[in-house]
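protein.tsv follows; it contains TSV, C-alpha atoms and all ligand atoms.
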```
chain	number	residue	atom	x	y	z
A	1	MET	CA	50.09	22.38	4.46
A	2	HIS	CA	47.77	24.97	5.82
A	3	SER	CA	46.72	25.69	9.38
A	4	LEU	CA	43.30	26.64	10.71
A	5	LYS	CA	42.45	28.53	13.86
A	6	HIS	CA	39.15	27.46	15.42
A	7	PRO	CA	37.47	29.81	17.93
A	8	ILE	CA	36.58	27.82	21.09
A	9	ALA	CA	35.94	30.35	23.86
A	10	VAL	CA	35.33	33.82	22.46
A	11	ASP	CA	33.24	35.81	24.95
A	12	GLU	CA	34.81	39.24	24.95
A	13	ASN	CA	34.83	39.87	28.69
A	14	VAL	CA	36.68	36.70	29.78
A	15	ALA	CA	39.77	34.71	28.78
A	16	THR	CA	39.55	33.46	25.20
A	17	ALA	CA	40.77	30.21	23.65
A	18	ASN	CA	41.46	29.11	20.10
A	19	LEU	CA	42.38	25.69	18.75
A	20	THR	CA	44.91	25.24	15.94
A	21	SER	CA	44.94	22.35	13.44
A	22	PHE	CA	47.50	21.61	10.71
A	23	HIS	CA	46.27	20.08	7.44
A	24	TYR	CA	48.47	18.08	5.06
A	25	GLY	CA	47.68	16.52	1.68
A	26	SER	CA	44.29	16.88	0.06
A	27	PRO	CA	40.85	15.63	1.09
A	28	GLY	CA	39.64	12.78	-1.10
A	29	SER	CA	43.10	11.93	-2.46
A	30	GLY	CA	43.47	8.84	-0.28
A	31	LYS	CA	42.88	7.78	3.29
A	32	LYS	CA	42.13	10.43	5.89
A	33	VAL	CA	44.20	10.42	9.09
A	34	TYR	CA	43.42	12.48	12.19
A	35	ILE	CA	45.94	12.79	15.03
A	36	GLN	CA	45.39	14.82	18.19
A	37	ALA	CA	47.56	15.25	21.27
A	38	ALA	CA	46.76	15.99	24.89
A	39	VAL	CA	42.99	16.37	24.94
A	40	HIS	CA	43.78	15.65	28.59
A	41	ALA	CA	45.86	18.79	28.62
A	42	ASP	CA	48.34	17.74	31.32
A	43	GLU	CA	49.47	14.67	29.33
A	44	VAL	CA	52.60	16.29	27.99
A	45	PRO	CA	54.38	13.36	26.22
A	46	ALA	CA	51.66	13.58	23.58
A	47	MET	CA	52.48	17.19	22.74
A	48	LEU	CA	56.20	16.50	22.30
A	49	LEU	CA	55.38	13.58	20.00
A	50	ALA	CA	53.01	15.79	18.00
A	51	HIS	CA	55.72	18.43	17.65
A	52	LEU	CA	58.13	15.87	16.19
A	53	LEU	CA	55.42	14.48	13.91
A	54	ARG	CA	54.75	17.98	12.64
A	55	GLN	CA	58.41	18.48	11.72
A	56	GLU	CA	58.44	15.17	9.84
A	57	LEU	CA	55.13	15.87	8.09
A	58	ASP	CA	56.38	19.31	7.01
A	59	ARG	CA	59.40	17.61	5.44
A	60	LEU	CA	57.35	14.86	3.78
A	61	ASP	CA	54.87	17.44	2.53
A	62	ALA	CA	57.71	19.41	0.90
A	63	GLU	CA	58.89	16.17	-0.73
A	64	GLY	CA	55.41	15.44	-2.07
A	65	ALA	CA	55.23	12.18	-0.09
A	66	ILE	CA	51.75	12.56	1.42
A	67	ARG	CA	49.21	10.38	-0.40
A	68	GLY	CA	45.99	11.19	1.44
A	69	GLU	CA	44.88	13.73	3.99
A	70	ILE	CA	46.42	14.16	7.45
A	71	ILE	CA	45.11	16.50	10.14
A	72	LEU	CA	47.36	17.10	13.15
A	73	VAL	CA	46.15	18.89	16.29
A	74	PRO	CA	49.28	19.15	18.46
A	75	ALA	CA	47.61	20.69	21.54
A	76	ALA	CA	43.99	19.61	21.47
A	77	ASN	CA	42.79	21.34	24.62
A	78	PRO	CA	43.58	25.06	24.97
A	79	ILE	CA	41.03	25.37	27.80
A	80	GLY	CA	42.64	22.64	29.92
A	81	LEU	CA	46.14	23.76	29.03
A	82	SER	CA	45.42	27.11	30.67
A	83	GLN	CA	44.28	25.56	33.97
A	84	VAL	CA	46.88	25.63	36.74
A	85	ILE	CA	46.07	25.23	40.45
A	86	HIS	CA	48.68	26.75	42.74
A	87	GLY	CA	51.46	25.87	40.34
A	88	THR	CA	50.21	22.42	39.34
A	89	PRO	CA	48.84	21.94	35.79
A	90	PHE	CA	45.29	20.56	35.86
A	91	GLY	CA	44.13	19.37	32.45
A	92	ARG	CA	42.02	16.21	32.78
A	93	TYR	CA	38.81	17.90	33.95
A	94	HIS	CA	37.26	21.27	33.18
A	95	LEU	CA	37.83	23.16	36.41
A	96	PRO	CA	34.49	25.07	36.56
A	97	THR	CA	32.29	22.00	35.85
A	98	GLY	CA	34.35	18.90	36.72
A	99	ILE	CA	33.74	17.50	33.23
A	100	ASN	CA	36.34	15.06	31.88
A	101	PHE	CA	37.67	16.42	28.57
A	102	ASN	CA	37.75	12.89	27.09
A	103	ARG	CA	34.23	11.74	27.93
A	104	MET	CA	30.70	12.39	26.66
A	105	TYR	CA	31.46	12.94	22.98
A	106	LEU	CA	28.41	12.84	20.72
A	107	HIS	CA	27.71	9.25	19.65
A	108	VAL	CA	25.94	9.55	16.29
A	109	ALA	CA	24.92	5.90	15.72
A	110	ASP	CA	21.43	6.21	17.19
A	111	ALA	CA	20.57	9.14	14.90
A	112	LEU	CA	22.08	7.29	11.92
A	113	LYS	CA	19.97	4.19	12.62
A	114	LYS	CA	16.96	6.37	11.82
A	115	SER	CA	18.33	8.52	8.97
A	116	LEU	CA	19.89	5.56	7.12
A	117	GLU	CA	16.85	3.23	7.34
A	118	GLY	CA	16.37	1.62	3.91
A	119	ARG	CA	19.39	3.39	2.37
A	120	LEU	CA	22.22	0.87	2.89
A	121	GLY	CA	22.85	-2.19	0.74
A	122	SER	CA	25.57	-4.58	-0.37
A	123	ASP	CA	27.94	-1.97	-1.89
A	124	ILE	CA	30.49	-1.52	0.85
A	125	ASP	CA	32.14	1.60	-0.62
A	126	ALA	CA	28.80	3.33	-1.19
A	127	ASN	CA	27.79	2.51	2.38
A	128	VAL	CA	31.00	3.97	3.80
A	129	LEU	CA	30.54	7.20	1.83
A	130	LEU	CA	26.92	7.55	2.90
A	131	ILE	CA	27.59	6.78	6.57
A	132	ARG	CA	30.42	9.35	6.63
A	133	GLU	CA	28.21	11.98	5.03
A	134	GLU	CA	25.44	11.38	7.58
A	135	ALA	CA	27.92	11.29	10.48
A	136	ARG	CA	29.38	14.65	9.42
A	137	ARG	CA	25.86	16.06	9.23
A	138	GLN	CA	24.98	14.82	12.72
A	139	VAL	CA	28.14	16.32	14.26
A	140	ALA	CA	27.48	19.62	12.43
A	141	GLN	CA	24.01	19.72	13.99
A	142	TRP	CA	25.35	19.27	17.54
A	143	THR	CA	24.58	22.50	19.42
A	144	PRO	CA	27.26	23.04	22.09
A	145	LYS	CA	25.95	24.37	25.37
A	146	ASP	CA	29.31	25.63	26.65
A	147	ASP	CA	32.96	26.12	25.66
A	148	VAL	CA	33.91	22.52	26.50
A	149	GLU	CA	31.26	21.16	24.13
A	150	THR	CA	32.43	23.62	21.46
A	151	LEU	CA	35.90	22.14	21.86
A	152	LYS	CA	34.56	18.57	21.67
A	153	LYS	CA	32.44	19.35	18.61
A	154	THR	CA	35.38	21.03	16.85
A	155	LEU	CA	37.65	18.02	17.44
A	156	LEU	CA	35.01	15.43	16.52
A	157	ALA	CA	34.03	17.28	13.34
A	158	MET	CA	37.60	16.92	12.06
A	159	ALA	CA	37.82	13.20	12.95
A	160	ILE	CA	34.39	11.63	12.46
A	161	ASP	CA	34.97	10.71	8.78
A	162	ALA	CA	38.63	9.63	9.10
A	163	ASP	CA	40.02	6.18	8.26
A	164	ILE	CA	42.61	6.39	11.05
A	165	VAL	CA	42.28	8.33	14.33
A	166	LEU	CA	45.16	8.47	16.80
A	167	ASP	CA	44.29	10.10	20.12
A	168	LEU	CA	47.57	10.62	21.98
A	169	HIS	CA	47.45	10.47	25.79
A	170	CYS	CA	49.56	9.20	28.69
A	171	ASP	CA	48.90	7.59	32.06
A	172	ASN	CA	50.35	8.62	35.45
A	173	GLU	CA	53.14	6.01	35.45
A	174	ALA	CA	52.81	3.31	32.80
A	175	LEU	CA	54.19	1.11	30.08
A	176	MET	CA	53.25	2.06	26.53
A	177	HIS	CA	49.70	0.76	26.03
A	178	MET	CA	46.70	1.36	23.80
A	179	TYR	CA	42.91	1.20	23.78
A	180	THR	CA	40.82	0.30	20.73
A	181	GLY	CA	37.59	-1.38	19.64
A	182	THR	CA	37.47	-5.19	19.54
A	183	PRO	CA	36.65	-5.23	15.77
A	184	LEU	CA	39.83	-3.18	15.10
A	185	VAL	CA	42.42	-5.51	16.64
A	186	GLU	CA	43.90	-6.70	13.33
A	187	THR	CA	43.93	-3.21	11.76
A	188	VAL	CA	45.69	-1.79	14.79
A	189	ALA	CA	48.16	-4.67	15.29
A	190	PRO	CA	50.91	-3.07	13.14
A	191	LEU	CA	50.79	0.10	15.25
A	192	THR	CA	50.96	-1.96	18.43
A	193	ALA	CA	54.05	-3.71	17.11
A	194	LEU	CA	55.75	-0.55	15.82
A	195	LEU	CA	55.22	1.35	19.08
A	196	GLY	CA	56.20	-1.67	21.16
A	197	ALA	CA	52.99	-1.43	23.17
A	198	ARG	CA	52.88	-3.98	25.97
A	199	VAL	CA	49.08	-4.03	26.31
A	200	LEU	CA	46.29	-3.52	23.77
A	201	LEU	CA	43.06	-3.05	25.70
A	202	VAL	CA	39.93	-3.78	23.70
A	203	ALA	CA	36.18	-3.42	24.15
A	204	LYS	CA	33.19	-3.00	21.84
A	205	ALA	CA	31.82	-0.36	24.23
A	206	SER	CA	33.85	0.82	27.21
A	207	GLY	CA	31.34	3.35	28.56
A	208	GLY	CA	31.84	7.08	28.99
A	209	GLU	CA	31.87	7.97	25.25
A	210	ALA	CA	35.60	8.65	24.91
A	211	PHE	CA	36.83	10.40	21.76
A	212	ASP	CA	38.23	7.35	19.96
A	213	GLU	CA	35.01	5.41	20.48
A	214	ALA	CA	32.88	8.31	19.24
A	215	CYS	CA	34.79	7.94	15.94
A	216	SER	CA	34.88	4.13	15.68
A	217	ARG	CA	31.97	2.51	17.53
A	218	LEU	CA	29.29	3.88	15.24
A	219	TRP	CA	30.52	1.45	12.54
A	220	TRP	CA	29.88	-1.75	14.48
A	221	ASP	CA	26.77	-0.34	16.12
A	222	LEU	CA	25.36	0.25	12.61
A	223	ALA	CA	26.60	-3.16	11.37
A	224	ASP	CA	24.77	-4.84	14.29
A	225	HIS	CA	21.63	-2.82	13.56
A	226	PHE	CA	21.52	-3.13	9.73
A	227	GLU	CA	22.31	-6.85	9.61
A	228	GLY	CA	21.82	-7.23	5.83
A	229	ALA	CA	24.06	-4.30	4.86
A	230	ALA	CA	27.82	-4.42	4.20
A	231	ILE	CA	29.32	-2.14	6.88
A	232	PRO	CA	33.02	-2.48	7.76
A	233	PRO	CA	34.76	-1.09	10.87
A	234	ALA	CA	35.94	1.78	8.65
A	235	CYS	CA	37.55	4.00	11.28
A	236	ALA	CA	40.63	2.60	13.04
A	237	ALA	CA	40.51	4.81	16.13
A	238	VAL	CA	43.05	4.22	18.88
A	239	THR	CA	43.86	5.88	22.17
A	240	VAL	CA	47.63	5.66	22.62
A	241	GLU	CA	48.91	5.93	26.19
A	242	LEU	CA	52.48	7.21	25.85
A	243	ARG	CA	53.80	5.76	29.12
A	244	GLY	CA	53.73	8.05	32.20
A	245	GLU	CA	53.19	11.78	32.56
A	246	ASN	CA	56.86	12.51	33.24
A	247	ASP	CA	58.14	10.34	30.39
A	248	VAL	CA	58.81	13.43	28.28
A	249	ARG	CA	62.04	12.56	26.54
A	250	TYR	CA	63.38	12.84	23.00
A	251	ASP	CA	64.64	9.25	23.19
A	252	TYR	CA	61.03	8.10	23.68
A	253	ALA	CA	59.33	10.62	21.38
A	254	ARG	CA	61.66	10.27	18.38
A	255	PRO	CA	61.17	6.49	17.96
A	256	ASP	CA	57.44	6.91	18.70
A	257	ALA	CA	57.18	9.46	15.87
A	258	GLN	CA	59.02	7.13	13.49
A	259	ALA	CA	56.69	4.28	14.53
A	260	ILE	CA	53.60	6.34	13.69
A	261	LEU	CA	55.09	7.44	10.35
A	262	GLN	CA	55.83	3.79	9.51
A	263	TYR	CA	52.24	2.86	10.41
A	264	LEU	CA	50.98	5.57	8.07
A	265	GLY	CA	53.44	4.38	5.43
A	266	HIS	CA	52.16	0.80	5.72
A	267	ALA	CA	48.60	2.17	5.50
A	268	GLY	CA	49.48	3.84	2.18
A	269	VAL	CA	49.18	7.42	3.41
A	270	LEU	CA	52.90	8.26	3.25
A	271	ASP	CA	55.27	7.43	0.43
A	272	ILE	CA	58.30	6.51	2.56
A	273	PRO	CA	60.73	3.57	2.67
A	274	LEU	CA	58.93	0.86	4.64
A	275	LEU	CA	60.67	-1.19	7.29
A	276	PRO	CA	59.45	-4.71	8.08
A	277	LEU	CA	56.91	-4.81	10.88
A	278	PRO	CA	58.36	-6.03	14.18
A	279	GLU	CA	56.89	-8.98	16.03
A	280	THR	CA	53.77	-7.97	17.96
A	281	PRO	CA	54.91	-7.84	21.59
A	282	CYS	CA	51.46	-8.11	23.12
A	283	ARG	CA	48.11	-9.77	22.61
A	284	ALA	CA	44.78	-7.99	22.80
A	285	THR	CA	43.46	-7.92	26.36
A	286	PRO	CA	39.74	-7.49	27.00
A	287	LEU	CA	39.26	-4.22	28.87
A	288	ASN	CA	37.05	-6.11	31.30
A	289	ALA	CA	40.06	-8.29	32.22
A	290	VAL	CA	41.92	-5.32	33.69
A	291	GLU	CA	41.95	-5.36	37.49
A	292	PRO	CA	42.28	-1.97	39.19
A	293	LEU	CA	43.60	-1.99	42.77
A	294	GLU	CA	42.50	0.68	45.24
A	295	ALA	CA	43.74	1.88	48.63
A	296	PRO	CA	41.59	0.39	51.44
A	297	HIS	CA	42.73	3.13	53.84
A	298	ALA	CA	44.91	6.22	53.77
A	299	GLY	CA	48.64	5.76	53.84
A	300	VAL	CA	51.98	5.68	52.07
A	301	LEU	CA	52.04	3.59	48.90
A	302	VAL	CA	55.03	1.25	48.66
A	303	PHE	CA	55.26	-1.06	45.67
A	304	HIS	CA	56.64	-4.59	45.94
A	305	LYS	CA	56.37	-4.95	42.17
A	306	ARG	CA	57.58	-2.76	39.32
A	307	LEU	CA	55.84	-1.73	36.13
A	308	GLY	CA	56.27	-4.53	33.61
A	309	ASP	CA	56.32	-7.29	36.24
A	310	MET	CA	54.01	-10.26	35.87
A	311	VAL	CA	51.89	-10.72	38.99
A	312	GLU	CA	50.37	-13.98	40.18
A	313	ALA	CA	46.92	-14.06	41.78
A	314	GLY	CA	47.33	-13.32	45.49
A	315	GLU	CA	50.92	-12.22	45.18
A	316	PRO	CA	51.82	-8.99	47.07
A	317	VAL	CA	51.83	-5.99	44.70
A	318	ALA	CA	52.05	-3.04	47.11
A	319	ASP	CA	51.66	-2.03	50.75
A	320	ILE	CA	49.62	0.86	52.11
A	321	VAL	CA	51.45	2.05	55.23
A	322	ASN	CA	49.68	4.37	57.67
A	323	PRO	CA	52.48	5.98	59.67
A	324	VAL	CA	50.20	7.11	62.52
A	325	SER	CA	48.06	4.03	63.17
A	326	GLY	CA	50.87	1.71	62.14
A	327	GLN	CA	48.42	-0.23	59.97
A	328	VAL	CA	50.05	-1.92	56.98
A	329	THR	CA	47.81	-3.50	54.35
A	330	THR	CA	49.26	-5.59	51.57
A	331	LEU	CA	47.42	-5.38	48.27
A	332	SER	CA	47.25	-8.21	45.78
A	333	SER	CA	45.24	-8.89	42.66
A	334	SER	CA	42.68	-11.65	42.39
A	335	HIS	CA	43.80	-12.50	38.83
A	336	ALA	CA	47.25	-13.05	37.34
A	337	GLY	CA	48.46	-10.44	34.87
A	338	LEU	CA	50.87	-7.69	33.86
A	339	LEU	CA	51.36	-4.63	36.11
A	340	PHE	CA	51.19	-1.95	33.41
A	341	ALA	CA	50.02	1.32	35.01
A	342	SER	CA	50.00	3.00	38.42
A	343	THR	CA	49.33	6.26	40.19
A	344	ALA	CA	52.21	8.73	40.38
A	345	HIS	CA	51.30	9.65	43.98
A	346	ARG	CA	52.89	7.94	46.97
A	347	HIS	CA	50.47	8.99	49.70
A	348	LEU	CA	46.88	7.96	49.05
A	349	LEU	CA	43.52	8.56	50.64
A	350	ARG	CA	41.02	5.73	51.14
A	351	GLY	CA	39.59	4.52	47.81
A	352	ALA	CA	42.33	6.11	45.67
A	353	HIS	CA	43.54	4.35	42.54
A	354	VAL	CA	46.76	2.35	43.07
A	355	CYS	CA	47.53	0.46	39.87
A	356	LYS	CA	46.13	-1.63	37.00
A	357	ILE	CA	46.91	-5.24	36.14
A	358	ALA	CA	46.07	-6.63	32.70
A	359	GLY	CA	44.88	-10.21	33.02
A	360	THR	CA	43.38	-12.53	30.43
A	361	GLU	CA	40.01	-13.51	31.92
A	362	SER	CA	37.06	-11.14	31.49
A	363	PHE	CA	35.41	-10.49	34.85
A	364	ARG	CA	34.32	-6.83	35.11
A	365	THR	CA	31.08	-5.25	33.91
A	366	GLY	CA	29.71	-1.69	33.69
A	367	ASP	CA	31.76	1.36	32.76
A	368	LEU	CA	35.32	0.15	32.17
A	369	LEU	CA	37.22	3.45	31.99
A	370	SER	CA	38.39	5.42	35.01
A	371	ALA	CA	36.48	8.65	35.62
B	401	ZN	ZN	44.31	10.93	28.92
```
Could you render the structure as structure tokens?
Amino acid sequence: MHSLKHPIAVDENVATANLTSFHYGSPGSGKKVYIQAAVHADEVPAMLLAHLLRQELDRLDAEGAIRGEIILVPAANPIGLSQVIHGTPFGRYHLPTGINFNRMYLHVADALKKSLEGRLGSDIDANVLLIREEARRQVAQWTPKDDVETLKKTLLAMAIDADIVLDLHCDNEALMHMYTGTPLVETVAPLTALLGARVLLVAKASGGEAFDEACSRLWWDLADHFEGAAIPPACAAVTVELRGENDVRYDYARPDAQAILQYLGHAGVLDIPLLPLPETPCRATPLNAVEPLEAPHAGVLVFHKRLGDMVEAGEPVADIVNPVSGQVTTLSSSHAGLLFASTAHRHLLRGAHVCKIAGTESFRTGDLLSA
């Protein structure tokens, strides 16, 4: 194992920031795995999980049990991690610009459609090598205009040519759930089962250019474009939502770490005793079948339902209670589904996010991720 320190914000007259990555195994010796935690810097369960993974990887490295290359970035956002407003950590958006740290990553497919014209054929392995080489080159040519883009470029440069990318996040209050690309459902199914995820949200393009999609979507974009060429979905990139922001507990993080190690073992990256895969507890849900509920007016949020409850269409999910006007509005979803995530706040302003319900029927269009 060796670690690298990447300069992110280095102007000498202001606060500086560096990013640290830990590198296991050797490049080219097998599959490449990239794992990062808390690019939304206030999503702390991810950092605890990364810490436990690092301990396990150190041990496996000493035992010679790493078969490919693994890069671990246990705190992926030193800029966001330093932002605190009056005592409250603030790590989802860059405070000076309002930019979401997990949006607007460089999507290299359009450049590759030009640079790879006439160069791809029926040899799937040769295509994968060439696409990875071109993707690395495109990311290297990205000229960051500020510190946040330097951070994004640094992270993406480590992940763009990986076989497996795990981007560890959490929601406000939530069940374990995951996001991935529709073409990756079967590849990701073992991880879903091992982590006991209740929802696997899938889309071919969710909008917003999140990190996992910047790594994975180029493969099916190129496959759609170069119809005659053999191009697999070669990067299994997943955003893992590790329950809610206060679910920072060893009795969650320890089994989660073992689940990820087992996934890497089943993928042939770790030489460890393999346990049988559990039954998959959830089916893939189209991201456009998720119904978000919002507060129609300001008030106190009172849930009728709990996380994990199944909700029928029209059934009361929560009330918004305005204690001054006396107005009480009962919220319900228009589609049946699983209540899997909610805000952590209990007084909301008009239009605020209340909760998300995973249905089965696709009905939404446009950008499918929250801001
Ligand atoms: Zn997040």
**Message:** Within 7 Å of ligand ZN 401 (chain B) (counting only C-alpha atoms and all ligand atoms), which residues show up? I'd like them as a list in words.
**Reply:**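 Using only C-alpha atoms and all ligand atoms, everything at most 7 Å from ligand ZN 401 (chain B) comes to Ala38, Val39, His40, Glu43, Arg92, His169, Cys170 and Asp171 of chain A.
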For the interface of range 208-305 of chain A with range 112-118 of chain A (cut-off 9 Å, counting all atoms listed in the file), please tabulate each contacting residue of range 208-305 of chain A alongside its nearest pair of atoms and their separation in Å to one decimal, rows sorted by chain and increasing number, as a Markdown table.
```
| residue | atom | partner | partner_atom | distance |
| --- | --- | --- | --- | --- |
| A:Leu218 | CA | A:Leu112 | CA | 8.6 |
| A:Asp221 | CA | A:Lys113 | CA | 8.9 |
| A:Leu222 | CA | A:Lys113 | CA | 6.7 |
| A:His225 | CA | A:Lys113 | CA | 7.3 |
| A:Phe226 | CA | A:Lys113 | CA | 8.0 |
```
**Prompt:** Within 10 Å of Ala344 in chain A, counting only C-alpha atoms, which residues qualify if same-chain residues fewer than 3 places away don't, as a PyMOL selection string?
**Reply:** chain A and resi 171-174+244-246+301+341+347+353-355
**Near-Gly208 in chain A list (8 Å; only C-alpha atoms; drop same-chain fewer than 3 positions) as a list of chain:residue names** = A:Arg103, A:Met104, A:Asp367, A:Leu369
**Prompt:** Which of these residues is nearest to Ala65 in chain A, using all atoms listed in the file: A:Thr365, A:Gly25, A:Ala253, A:Glu149?
**Reply:**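 Using all atoms listed in the file, the shortest distance to Ala65 in chain A belongs to A:Gly25.
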**Prompt:** Restricting the calculation to all atoms listed in the file, which member of A:His23, A:Arg364, A:Arg350, A:Arg249 is positioned closest to Leu49 in chain A?
**Reply:** A:Arg249
**Prompt:** Which of these, A:Val139, A:Val202, A:Ile260, A:Ile99, has the shortest distance to Ile160 in chain A once you count all atoms listed in the file?
**Reply:** A:Val139
**Asked** Which one of A:Gly64, A:Gly314, A:Gly351, A:Pro78 sits closest to Lys5 in chain A if you count all atoms listed in the file?
**Response**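 Distance minimum relative to Lys5 in chain A lands on A:Pro78.
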Residues at most 7 Å from His107 in chain A, counting all atoms listed in the file, excluding those fewer than 2 positions away in the same chain, as a PDB file with C-alpha atoms, in the frame of the given file?
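That gives us selection.pdb:
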```pdb
ATOM      1  CA  TYR A 105      31.460  12.940  22.980  1.00  0.00           C
ATOM      2  CA  ALA A 109      24.920   5.900  15.720  1.00  0.00           C
ATOM      3  CA  ALA A 214      32.880   8.310  19.240  1.00  0.00           C
TER       4      ALA A 214
END
```
**Message:** Calculated over all atoms listed in the file, which of the candidates A:Val199, A:Ile231, A:Trp219, A:Leu194 has the smallest distance to Leu275 in chain A?
**Reply:**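 For Leu275 in chain A, the nearest of the given residues is A:Leu194.
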**Message:** Can you pull out the residues contacting Arg346 in chain A? Cut-off 9 Å, using only C-alpha atoms, and skip same-chain residues under 5 positions away; I want them as an MDAnalysis selection string.
**Reply:** chainID A and resid 299:302
**Item:** Shell around range 177-188 of chain A at 7 Å using all atoms listed in the file, local window under 3 positions removed, as a list in words
**Value:** Leu191, Thr192, Ala197, Arg198, Val199, Leu200, Leu201, Val202, Ala203, Lys204, Pro233, Ala236, Ala237, Val238, Thr239, Val240 and Glu241 of chain A
**Distance criterion (only C-alpha atoms): nearest to Ala295 in chain A out of A:Ser82, A:Thr143, A:Thr343, A:Gln258** = A:Thr343
**Item:** Atom pair CA of Glu133 in chain A / CA of Met1 in chain A: separation (Å)
**Value:**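 Straight-line distance from CA of Glu133 in chain A to CA of Met1 in chain A works out to 24.2 Å.
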Using the partial input, fill out range 65-78 of chain A with N, CA and C atoms; write the result as a tab-separated table (two decimals), keeping the file's coordinate frame.
```tsv
chain	number	residue	atom	x	y	z
A	65	ALA	N	55.35	13.59	-0.47
A	65	ALA	CA	55.23	12.18	-0.09
A	65	ALA	C	53.93	11.87	0.65
A	66	ILE	N	53.00	12.82	0.70
A	66	ILE	CA	51.75	12.56	1.42
A	66	ILE	C	50.68	12.17	0.40
A	67	ARG	N	50.10	10.98	0.60
A	67	ARG	CA	49.21	10.38	-0.40
A	67	ARG	C	47.72	10.58	-0.10
A	68	GLY	N	47.40	10.99	1.08
A	68	GLY	CA	45.99	11.19	1.44
A	68	GLY	C	45.85	12.53	2.14
A	69	GLU	N	45.08	12.51	3.21
A	69	GLU	CA	44.88	13.73	3.99
A	69	GLU	C	45.28	13.44	5.44
A	70	ILE	N	46.04	14.32	6.04
A	70	ILE	CA	46.42	14.16	7.45
A	70	ILE	C	46.11	15.46	8.18
A	71	ILE	N	45.37	15.35	9.27
A	71	ILE	CA	45.11	16.50	10.14
A	71	ILE	C	45.83	16.25	11.46
A	72	LEU	N	46.63	17.21	11.89
A	72	LEU	CA	47.36	17.10	13.15
A	72	LEU	C	46.94	18.25	14.07
A	73	VAL	N	46.50	17.89	15.27
A	73	VAL	CA	46.15	18.89	16.29
A	73	VAL	C	47.12	18.68	17.46
A	74	PRO	N	48.19	19.47	17.52
A	74	PRO	CA	49.28	19.15	18.46
A	74	PRO	C	49.01	19.52	19.91
A	75	ALA	N	48.01	20.36	20.15
A	75	ALA	CA	47.61	20.69	21.54
A	75	ALA	C	46.10	20.82	21.51
A	76	ALA	N	45.42	19.72	21.79
A	76	ALA	CA	43.99	19.61	21.47
A	76	ALA	C	43.07	20.25	22.52
A	77	ASN	N	43.66	20.84	23.55
A	77	ASN	CA	42.79	21.34	24.62
A	77	ASN	C	43.30	22.67	25.18
A	78	PRO	N	43.08	23.77	24.48
A	78	PRO	CA	43.58	25.06	24.97
A	78	PRO	C	42.91	25.50	26.27
```
